[in-house]
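Participant: First the structure, then my questions, so here it is.
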Amino acid sequence: MSNPRDILGPQRFSQSHAAPKLIPPNASVTKRYFIRVVTGVTSLLTGMRVTIGKFFDPRTTVTQQYPENRDELKMAERFRGRVVMPHDADGEHNCTGCTLCEKACPNGSISVLNTKHASGRKILGKYIYRLDSCTLCNLCIEACPFGAIEMGTEFELATTRKEGLVEILNKKAGRL
Amino acid sequence: MEREQHIEVRPPSAGGNTEEYWLNMGPQHPATHGVLHLIVRLDGETVREVKPELGYIHRSVEKMAENLTLLQNIHLTDRLDYLSCHMNNHAVCMVAEQACDIGVPERAEYIRVIVSELQRIQSHLLWWGAFAMDIGALSAFLYGFAEREKITDIFERLCGARLTMNYFRPGGVAQDLYDGFEQDARQACSDILYALDEYQRLVTGNLIFQERTRGVGILSRDKAIGYGCSGGTARASGLDYDVRRDDPYGIYDRFSFDVPVATAGDCYARYEVRMEEMRQSVQIIEQALKDLPVGPIQAKAKPVLKIPKGLQVFRQVETARGSFAMTAIGDGTATPLRVSYRSPGFMHVAALHEMSAGFKIADLITILGSLDPVIPDIDR
Amino acid sequence: MSEPAVPSALEPASATETVAAPTSAIADWIRDLCGDQEWLAWVVITLIGLGALAALASVSAMVLVWMERKVSAHMQLRLGPMRTGWHGALQPMADGLKLLFKEGLLPRTTDLFSYLLAPFIPMATALLALAVIPFSETWQLADPELGIIYVAALSGMSVFAILIGSWGSNNKYSLLGGMRAAAQALSYEISLLLVLMTAVLMSGETAMQAIVQSQEGYFWNWWLIRAPGVGFIAFIAFIISATAELNRAPFDFAESESELTGGFHTEYAGMAFAMFFLAEYVHLLVAACLGAVLFLGGYLPPVPALAFIPGPVWLLVKAFGLVFLFMWFRWTFPRLRIDQLLNLEWKFLMPVALLNLLAAGALRGWGWL
């Protein structure tokens with residue numbers, strides 16, 4: 001079978017999706033010209049049918065009216081918003097101050113400052129988290145053996161205050 | 001000078017009355033897909049010379065990599081070619097697995113293939129939209145994005161992020177598939193096939209599009225090899241090479257798929273090759289979903305991965321743009337001594353002058369779009 | 001608005017006759033008021049007409065801007081402006097207000113005179129062309145004998161704005177855009193004129209009002225349908241060359257955003273940009289009205305039974321239909337390359353238009369029209 005393409009050579013994949021080419025290889029210049037005009041105009045009209053279809057079909061609209069739909073806008077369960085430290089009803093958390101998350105962090109966004117408990121053992125003093133340098137890579141959460149930190153599903157993280165980007169995650173010092 | 005034979009309308013000779021001039025295209029320019037700076041020597045509308053100027057978003061990723069562990073390096077490769085971050089992650093993971101002798105569970109291998117191919121489709125959809133927009137079809141850009149959004153949503157549900165996924169881990173993947181992933185992936189595949197038919201009607205068959213892309217920006221097979229092109233760009237020039245088939249990694253040797261190759265080497269050939277790649281990716285995903293085994297998703301690995309002293313590991317993967325490779329040399333500590341990335345886009349931009357000299361300035365934009373450049377990939 | 005030049009431009013076609021055309025009640029009332037002093041009546045009527053024209057131009061430009069945004073949005077799976085008023089109906093106002101308060105940038109290296117002159121030209125030519133569009137038997141500001149030639153001359157002038165502005169901007173992107181626009185306008189002017197001549201041949205008239213009157217009756221009397229084949233081909237050629245004349249996609253070379261970052265208006269900001277922007281839409285309306293007048297029966301209803309709906313409504317319905325067509329083109333097609341554009345004109349459109357003109361002449365000569 002002769003190749004209908006003018007420029008392209010043989011191809012290894014099927015041409016079912018390629019543009020239909022009606023130009024016979026041995027057609028005269030005039031015939032080529034007219035076939036090109038006809039196929040060209042047909043192709044333009046086909047394209048116009050696609051856009052008008054979208055124009056009259058409201059189901060194709062993908063825009064969401066964002067601030068209005070805030071209530072029904074739920075992020076995925078695994079969404080990585082920011083690092084949060086869940087506290088239970090007594091205001092306690094699971095962090096032991098082992099600094100595994102600090103070591104796992106690729107860009108030093110976590111600083112674990114430990115203090116001494118009255119008994120002389122080390123406990124968590126301050127858990128400093130810097131959202132400004134955090135890349136939300138999830139490595140700290142994976143490193144934590146106690147499930148003390150997790151990723152929040154909050155996504156509106158933009159702020160106008162630089163200070164709000166550095167925060168202390170624990171509300172209380174750690175337990176023994 | 002032989003490439004000027006491809007010009008349909010020959011420009012008036014530059015010797016007589018015309019004066020050549022330089023034009024700075026970028027770093028702020030709507031068609032350079034970021035901060036690529038092209039210094040173009042023009043004769044009227046005709047491009048005589050193109051000099052890509054890089055460095056606007058250089059982040060010293062290779063130097064940073066020397067100070068991070070392999071596990072931490074994974075999230076850094078998300079930020080190279082952000083449209084193929086799963087594939088980039090795959091390269092790092094394979095380096096770690098080879099260096100530390102970690103096996104990967106079956107299920108994890110299948111998941112890796114599925115998400116890699118989904119991302120290849122996602123990347124090509126964005127490229128399709130951007131390429132059509134470079135040529136002037138503005139609606140196509142939005143269509144491509146709307147379709148891409150479906151896959152992005154799957155990724156968000158799967159690994160929690162939409163762009164910088166950080167999903168692969170040495171010895172497996174970070175999290176198991178969520179409930180309903182298979183159904184979502186199948187739905188996305190059938191949506192893509194439907195959308196591709198629509199794209200065919202809207203753009204591929206369009207007379208103006210064909211006029212703009214056929215015979216434009218021709219890169220011969222020899223030049224493609226000479227410049228180190230890979231991926232769709234090289235395959236459109238007749239170089240029949242695909243890392244997935246010719247240097248199989250993961251479990252790619254288990255799937256049957258075609259590697260589309262065209263010989264023309266022009267923008268239309270690059271377009272067709274990439275469009276066909278999407279269909280082939282759908283085939284791979286369907287095969288992988290059918291065989292997806294149940295089991296663990298991560299092998300037990302040592303907490304700190306060390307590349308043995310003096311060991312050099314090289315692994316390459318096929319990203320959406322071409323072959324991405326990582327070389328790491330170990331010094332026995334947790335951080336590698338030296339890391340080097342081979343990014344496909346860098347070579348393609350190097351070949352830009354070869355392709356576009358002698359064509360019009362509008363063709364330069366077309367050619368640049370057909371190369372599918374991602375600037376952070378070119379400029380690391 | 002700055003149209004003091006309008007009366008002088010109309011003068012060649014005998015001033016008193018020209019203004020006598022809108023014989024509406026208001027004009028008669030003003031003439032009565034002024035009594036003997038006919039020059040005063042002439043001045044007052046002209047000023048009122050110009051005010052109405054300017055109002056029509058700015059309102060329709062706003063409507064068209066809104067329409068463009070909504071049409072493009074719905075074709076692109078979006079909603080477009082939704083917050084300012086009902087479905088963003090006040091968005092053009094907000095845009096205009098924003099542009100008004102923006103700083104008028106004056107780059108240091110510009111050629112000041114031409115840089116500042118350019119934004120006023122397209123609006124002036126658009127308003128001048130709008131003056132001869134007949135909205136009904138009486139609603140027409142001027143009906144010069146050679147109305148169609150007058151419109152063609154004005155459409156040729158609008159390219160000067162782009163050329164002057166792009167030269168004055170002293171920017172390489174602007175200059176490339178301007179040079180493209182010049183090449184494009186020079187070429188497409190020819191086929192546009194050939195199409196206009198076809199319409200003139202078909203109807204045997206050169207005044208706009210007379211061309212509309214020649215299509216009296218049912219819709220099969222419109223030149224699109226009445227002249228077998230010839231009218232249709234002329235209409236298609238008109239649409240193509242008008243799109244090119246308007247610098248709209250797929251022929252938006254002067255702007256070509258993805259290549260030239262904005263083309264001729266790269267260096268314009270604030271109100272100067274707004275003038276270009278709004279004039280583009282007034283030109284769009286003029287071209288659509290022209291198409292409706294020449295081929296779709298102007299203000300005439302498709303069937304005489306519908307004559308109770310006033311003429312201006314019919315004209316605007318037809319014109320907005322054509323505007324929708326232009327927008328549909330813009331949001332569907334990729335842009336051509338400049339050499340392909342010229343190929344299309346010289347190797348396809350002009351021969352077709354020329355043959356079509358000959359065919360129209362033959363039909364006329366054999367008395368089939």
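Every chain in the structure tokens has a letter given in the order shown (A, B, ...), and although residue numbers restart at 1 in each chain, ligands are simply numbered from 1 in the order shown.
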With a distance threshold of 9 Å and counting only C-alpha atoms, extract the residues of chain B near chain C and express them as a ChimeraX atom specification.

Facilitator: /B:8-9,23,25,29-32,44-45,132-143,146,202-203,206,208-209,211-212,360-365

Participant: Please report, as JSON lines, each residue of chain B lying at most 6 Å from chain A, together with the nearest pair of atoms and the separation in Å rounded to one decimal; use only C-alpha atoms, and order rows by chain and ascending residue number.

Facilitator:
{"residue": "B:Gln72", "atom": "CA", "partner": "A:Pro106", "partner_atom": "CA", "distance": 5.5}
{"residue": "B:Arg157", "atom": "CA", "partner": "A:Ala76", "partner_atom": "CA", "distance": 5.3}
{"residue": "B:Gly160", "atom": "CA", "partner": "A:Phe79", "partner_atom": "CA", "distance": 3.7}
{"residue": "B:Arg201", "atom": "CA", "partner": "A:Gly47", "partner_atom": "CA", "distance": 5.6}
{"residue": "B:Leu202", "atom": "CA", "partner": "A:Gly47", "partner_atom": "CA", "distance": 4.1}
{"residue": "B:Gly205", "atom": "CA", "partner": "A:Ala19", "partner_atom": "CA", "distance": 4.9}
{"residue": "B:Asn206", "atom": "CA", "partner": "A:Ser43", "partner_atom": "CA", "distance": 5.0}
{"residue": "B:Leu207", "atom": "CA", "partner": "A:Gly40", "partner_atom": "CA", "distance": 5.0}
{"residue": "B:Pro260", "atom": "CA", "partner": "A:Phe13", "partner_atom": "CA", "distance": 5.6}
{"residue": "B:Val261", "atom": "CA", "partner": "A:Arg12", "partner_atom": "CA", "distance": 5.8}
{"residue": "B:Ala262", "atom": "CA", "partner": "A:Gln11", "partner_atom": "CA", "distance": 5.1}
{"residue": "B:Thr263", "atom": "CA", "partner": "A:Gly9", "partner_atom": "CA", "distance": 5.6}
{"residue": "B:Ala264", "atom": "CA", "partner": "A:Leu8", "partner_atom": "CA", "distance": 4.8}

Participant: Quick one: residues within 12 Å of Pro86 (chain A), only C-alpha atoms counted, chain neighbours fewer than 5 positions away excluded, as a PyMOL selection string?

Facilitator: chain A and resi 91-95+146-152+169-172

Participant: Please identify the alpha helix (DSSP H) residues within region 135-197 of chain B (assignment by DSSP from backbone atoms) and present them as an NGL selection string.

Facilitator: :B and (135 or 138-159 or 181-197)

Participant: Skipping near chain neighbours, those fewer than 5 positions away, what residues fall within 10 Å of Trp220 (chain C) using only C-alpha atoms, listed as a list of chain:residue names?

Facilitator: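 Residues meeting the cut-off are C:Gln215, C:Ile225, C:Arg226, C:Ala227, C:Leu296, C:Gly297, C:Pro302, C:Val303.
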
Participant: Residues at most 8 Å from region 159-168 of chain A, counting only C-alpha atoms, excluding those fewer than 2 positions away in the same chain, as a list in words?

Facilitator: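 Surrounding residues, per the criterion: Lys126, Tyr127, Ile128, Tyr129, Arg130, Leu131, Asp132, Leu157, Asn170 and Lys171 of chain A.
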
Participant: Show me, as a count of residues only, the residues that have an atom within 9 Å of Pro304 (chain C) when counting only C-alpha atoms, minus same-chain residues fewer than 4 positions from it.

Facilitator: 6

Participant: Residues near Ile240 (chain C), anyone? I mean within 10 Å using only C-alpha atoms, not counting same-chain ones fewer than 5 positions away, as a list in words.

Facilitator: Tyr188, Ser191, Leu192, Ala234, Phe235, Glu245, Leu246, Pro250, Phe251, Phe326, Glu345 and Leu349 of chain C

Participant: So, counting only C-alpha atoms, which residue among B:Ile57, B:Cys267, B:Leu163, B:Ala236 is closest to His75 (chain B)?

Facilitator: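 Looking at the shortest contact to His75 (chain B), the residue is B:Leu163.
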
Participant: With only C-alpha atoms as the atoms that count, which of B:Ala130, B:Leu371, B:Ile74, B:Val216 lies nearest to Thr164 (chain B)?

Facilitator: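 Closest to Thr164 (chain B), using only C-alpha atoms: B:Ile74.
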
Participant: Just checking: using only C-alpha atoms, which residue out of A:Asp57, A:Glu72, A:Asp90, A:Glu102 ends up closest to chain C?

Facilitator: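 Selected residue with least distance to chain C: A:Asp57.
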